[in-house]
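*Asks:* The structure follows.
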Amino acid sequence: MTVVLVTASSGFAALLGQWSPEPLSPTRASELAGEPEQIRRLQELIGGRDFDDVLVAADGEYLRIIDAAASVLPLCRTMERTRNTPLQQRAHLRTWLGRGFSGDLNIGAGHIRWSKVTKGLTGKLGEFTARYAGRAEGGGHLIVIETAPGTLAAGFVRADGSPLDPTIAFSNKAKLREAMAAALRAFGGATPSYGSLLAA
């Protein structure tokens, strides 16, 4: 993973430790956007690596500098650009960087697509859909993971062969989106069991 910043003082730079945003005037942005050195610097920062995904999170004058060097960015499976408020950008970046990483577990990477339907929040990742299934017997709440409407995602196993239950209980409805995301990533990193392949 490579994180590249755009700074007012030097333009493109690698993220090293803590960093504080610098004010960037339109004049300084125009200078940086017109410097051939910036394109060379970005090429050095991302050169010699293979990328699956690229996320650009910037706004205003910073985005102008990135746009001027956009031809250097590699073409990838997933490319996304966000120009929300700085607070939303930070939240988006944390979510993006957290995809596909969970210690020694295989979890599904990719962007979860959220939507609200008449029955509530749903999330989709690849072939899997997570939806709220109401209260659990004895307390708590339930999520179900489906491969098609009304078809539970049965027969999937983790890398160690342990089965995944497509009906997931969780305690606090305020954590619904977090619980759905964790369930979708678990199924996204799973494989069909040998038995389910034979049945197919």
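By order in the structure tokens, chains are A, B, ...; within a chain, residues start at 1; ligands start at 1, following the order shown.
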Report as a PyMOL selection string: the residues of stretch 45-184 of chain A with a DSSP assignment of strand (DSSP E or B), based on the backbone of this structure.
*Replies:* chain A and resi 53-57+78-82+113-117+120-125+128-135+141-148+151-152+156-157+163+167-170
*Asks:* Neighbouring residues of A:Gly134 were defined as those with any atom within 10 Å, considering only C-alpha atoms; residues of the same chain fewer than 2 positions away were excluded. Please report them as a list in words.
*Replies:*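 Final neighbour list, sorted by chain and number: Lys119, Arg131, Tyr132, Ala136, Glu137, Gly140, His141, Leu142, Ile143, Val144, Ala169 and Lys173 of chain A.
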*Asks:* Print the selection's residues with all heavy atoms to a file, as a CSV table (one decimal), in the first residue's frame.
*Replies:*
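selection25.csv written:
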```
chain,number,residue,atom,x,y,z
A,119,LYS,N,-37.5,-2.1,3.3
A,119,LYS,CA,-37.3,-2.9,4.6
A,119,LYS,C,-36.1,-2.5,5.3
A,119,LYS,O,-35.7,-3.1,6.3
A,119,LYS,CB,-37.3,-4.4,4.2
A,119,LYS,CG,-38.6,-4.9,3.7
A,119,LYS,CD,-38.6,-6.4,3.4
A,119,LYS,CE,-39.9,-6.9,2.9
A,119,LYS,NZ,-39.9,-8.3,2.6
A,131,ARG,N,-28.6,-8.1,4.6
A,131,ARG,CA,-29.8,-7.3,4.9
A,131,ARG,C,-30.2,-7.6,6.4
A,131,ARG,O,-29.9,-8.7,6.9
A,131,ARG,CB,-30.9,-7.6,4.0
A,131,ARG,CG,-31.5,-8.9,4.0
A,131,ARG,CD,-32.8,-9.1,3.1
A,131,ARG,NE,-33.3,-10.4,3.2
A,131,ARG,CZ,-34.1,-10.9,4.2
A,131,ARG,NH1,-34.4,-10.1,5.2
A,131,ARG,NH2,-34.5,-12.1,4.2
A,132,TYR,N,-30.8,-6.6,7.0
A,132,TYR,CA,-31.3,-6.7,8.3
A,132,TYR,C,-32.5,-7.7,8.4
A,132,TYR,O,-33.4,-7.6,7.5
A,132,TYR,CB,-31.7,-5.4,8.9
A,132,TYR,CG,-32.2,-5.4,10.3
A,132,TYR,CD1,-31.4,-5.8,11.4
A,132,TYR,CD2,-33.5,-5.1,10.6
A,132,TYR,CE1,-31.9,-5.8,12.6
A,132,TYR,CE2,-34.1,-5.1,11.8
A,132,TYR,CZ,-33.2,-5.5,12.9
A,132,TYR,OH,-33.7,-5.5,14.2
A,136,ALA,N,-33.5,-11.0,17.0
A,136,ALA,CA,-33.1,-12.4,17.3
A,136,ALA,C,-33.9,-12.9,18.5
A,136,ALA,O,-34.3,-12.1,19.4
A,136,ALA,CB,-31.6,-12.5,17.6
A,137,GLU,N,-34.2,-14.2,18.4
A,137,GLU,CA,-34.9,-14.8,19.6
A,137,GLU,C,-34.0,-14.7,20.8
A,137,GLU,O,-32.8,-15.1,20.7
A,137,GLU,CB,-35.1,-16.3,19.2
A,137,GLU,CG,-36.4,-16.8,19.8
A,137,GLU,CD,-36.7,-18.2,19.3
A,137,GLU,OE1,-37.1,-18.3,18.2
A,137,GLU,OE2,-36.5,-19.1,20.1
A,140,GLY,N,-31.1,-9.2,20.9
A,140,GLY,CA,-30.2,-8.9,19.8
A,140,GLY,C,-30.9,-8.8,18.5
A,140,GLY,O,-32.1,-8.7,18.4
A,141,HIS,N,-30.1,-8.8,17.4
A,141,HIS,CA,-30.6,-8.6,16.1
A,141,HIS,C,-30.0,-9.6,15.2
A,141,HIS,O,-28.9,-10.2,15.5
A,141,HIS,CB,-30.4,-7.2,15.6
A,141,HIS,CG,-31.0,-6.1,16.5
A,141,HIS,ND1,-32.2,-5.7,16.4
A,141,HIS,CD2,-30.4,-5.5,17.6
A,141,HIS,CE1,-32.5,-4.8,17.3
A,141,HIS,NE2,-31.4,-4.7,18.1
A,142,LEU,N,-30.5,-9.7,13.9
A,142,LEU,CA,-30.0,-10.7,13.0
A,142,LEU,C,-29.7,-10.0,11.6
A,142,LEU,O,-30.5,-9.1,11.2
A,142,LEU,CB,-31.0,-11.8,12.7
A,142,LEU,CG,-31.3,-12.8,13.9
A,142,LEU,CD1,-32.4,-13.7,13.5
A,142,LEU,CD2,-30.0,-13.5,14.3
A,143,ILE,N,-28.7,-10.4,11.0
A,143,ILE,CA,-28.3,-10.1,9.6
A,143,ILE,C,-28.3,-11.4,8.8
A,143,ILE,O,-27.9,-12.4,9.3
A,143,ILE,CB,-26.9,-9.5,9.5
A,143,ILE,CG1,-26.9,-8.1,10.2
A,143,ILE,CG2,-26.5,-9.3,8.0
A,143,ILE,CD1,-25.4,-7.6,10.4
A,144,VAL,N,-28.8,-11.4,7.6
A,144,VAL,CA,-28.7,-12.5,6.7
A,144,VAL,C,-27.8,-12.2,5.5
A,144,VAL,O,-27.9,-11.0,5.0
A,144,VAL,CB,-30.0,-13.1,6.3
A,144,VAL,CG1,-30.8,-13.7,7.5
A,144,VAL,CG2,-30.9,-12.1,5.5
A,169,ALA,N,-25.9,-13.1,14.2
A,169,ALA,CA,-26.5,-12.3,15.3
A,169,ALA,C,-25.5,-11.2,15.8
A,169,ALA,O,-24.3,-11.4,15.8
A,169,ALA,CB,-26.8,-13.3,16.5
A,173,LYS,N,-28.2,-2.5,17.5
A,173,LYS,CA,-28.6,-2.1,16.2
A,173,LYS,C,-27.9,-0.8,15.7
A,173,LYS,O,-27.8,-0.5,14.5
A,173,LYS,CB,-30.2,-1.8,16.1
A,173,LYS,CG,-30.7,-1.8,14.7
A,173,LYS,CD,-32.2,-1.8,14.6
A,173,LYS,CE,-32.7,-1.8,13.2
A,173,LYS,NZ,-34.1,-1.6,13.1
```
*Asks:* A:Pro23, A:Gly150, A:Gly120, A:Gly11: which is nearest A:Gly60, counting only C-alpha atoms?
*Replies:* A:Pro23
*Asks:* Calculated over only C-alpha atoms, which of the candidates A:Ala69, A:Ala159, A:Ala13, A:Val3 has the smallest distance to A:Asp53?
*Replies:*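 Using only C-alpha atoms, the shortest distance to A:Asp53 belongs to A:Val3.
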*Asks:* Name the residues of stretch 9-187 of chain A that come out as helix (DSSP H, G or I) in a backbone DSSP run; write them as a PyMOL selection string.
*Replies:* chain A and resi 26-33+36-46+60-68+70-72+86-97+173-187
*Asks:* Which residue, A:Val117, A:Leu184, A:Val6, A:Ala190, has the smallest gap to A:Leu45 when you use only C-alpha atoms?
*Replies:*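 Smallest separation from A:Leu45 among the options: A:Val6.
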*Asks:* State, in Å with one decimal place, the distance from atom CA of A:Glu178 to atom CA of A:Cys76.
*Replies:*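 Rounded to one decimal, the two atoms are 26.8 Å apart.
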*Asks:* Out of A:Asn172, A:Ala58, A:Ala130, A:Val72, which residue has the shortest atom-to-atom distance to A:Arg41 when counting only C-alpha atoms?
*Replies:*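 The closest residue to A:Arg41 is A:Val72.
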*Asks:* Compare A:Gly123, A:Pro86, A:Gly34, A:Gly189 by their minimum atom-to-atom distance to A:Asp67, counting only C-alpha atoms, and give me the closest one.
*Replies:*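 Checking each candidate against A:Asp67, we get A:Gly34 as the closest.
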*Asks:* Please compute the atom CA of A:Leu152-atom CA of A:Arg177 distance, one decimal, in Å.
*Replies:*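 We find that atom CA of A:Leu152 and atom CA of A:Arg177 lie 19.0 Å from each other.
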*Asks:* May I ask which of the residues A:Phe51, A:Tyr62, A:Phe12, A:Trp114 is the closest one to A:Leu176, counting only C-alpha atoms?
*Replies:* A:Trp114
*Asks:* Can you measure atom CA of A:Arg64 to atom CA of A:Asp52 for me? One decimal in Å is fine.
*Replies:* 23.8 Å
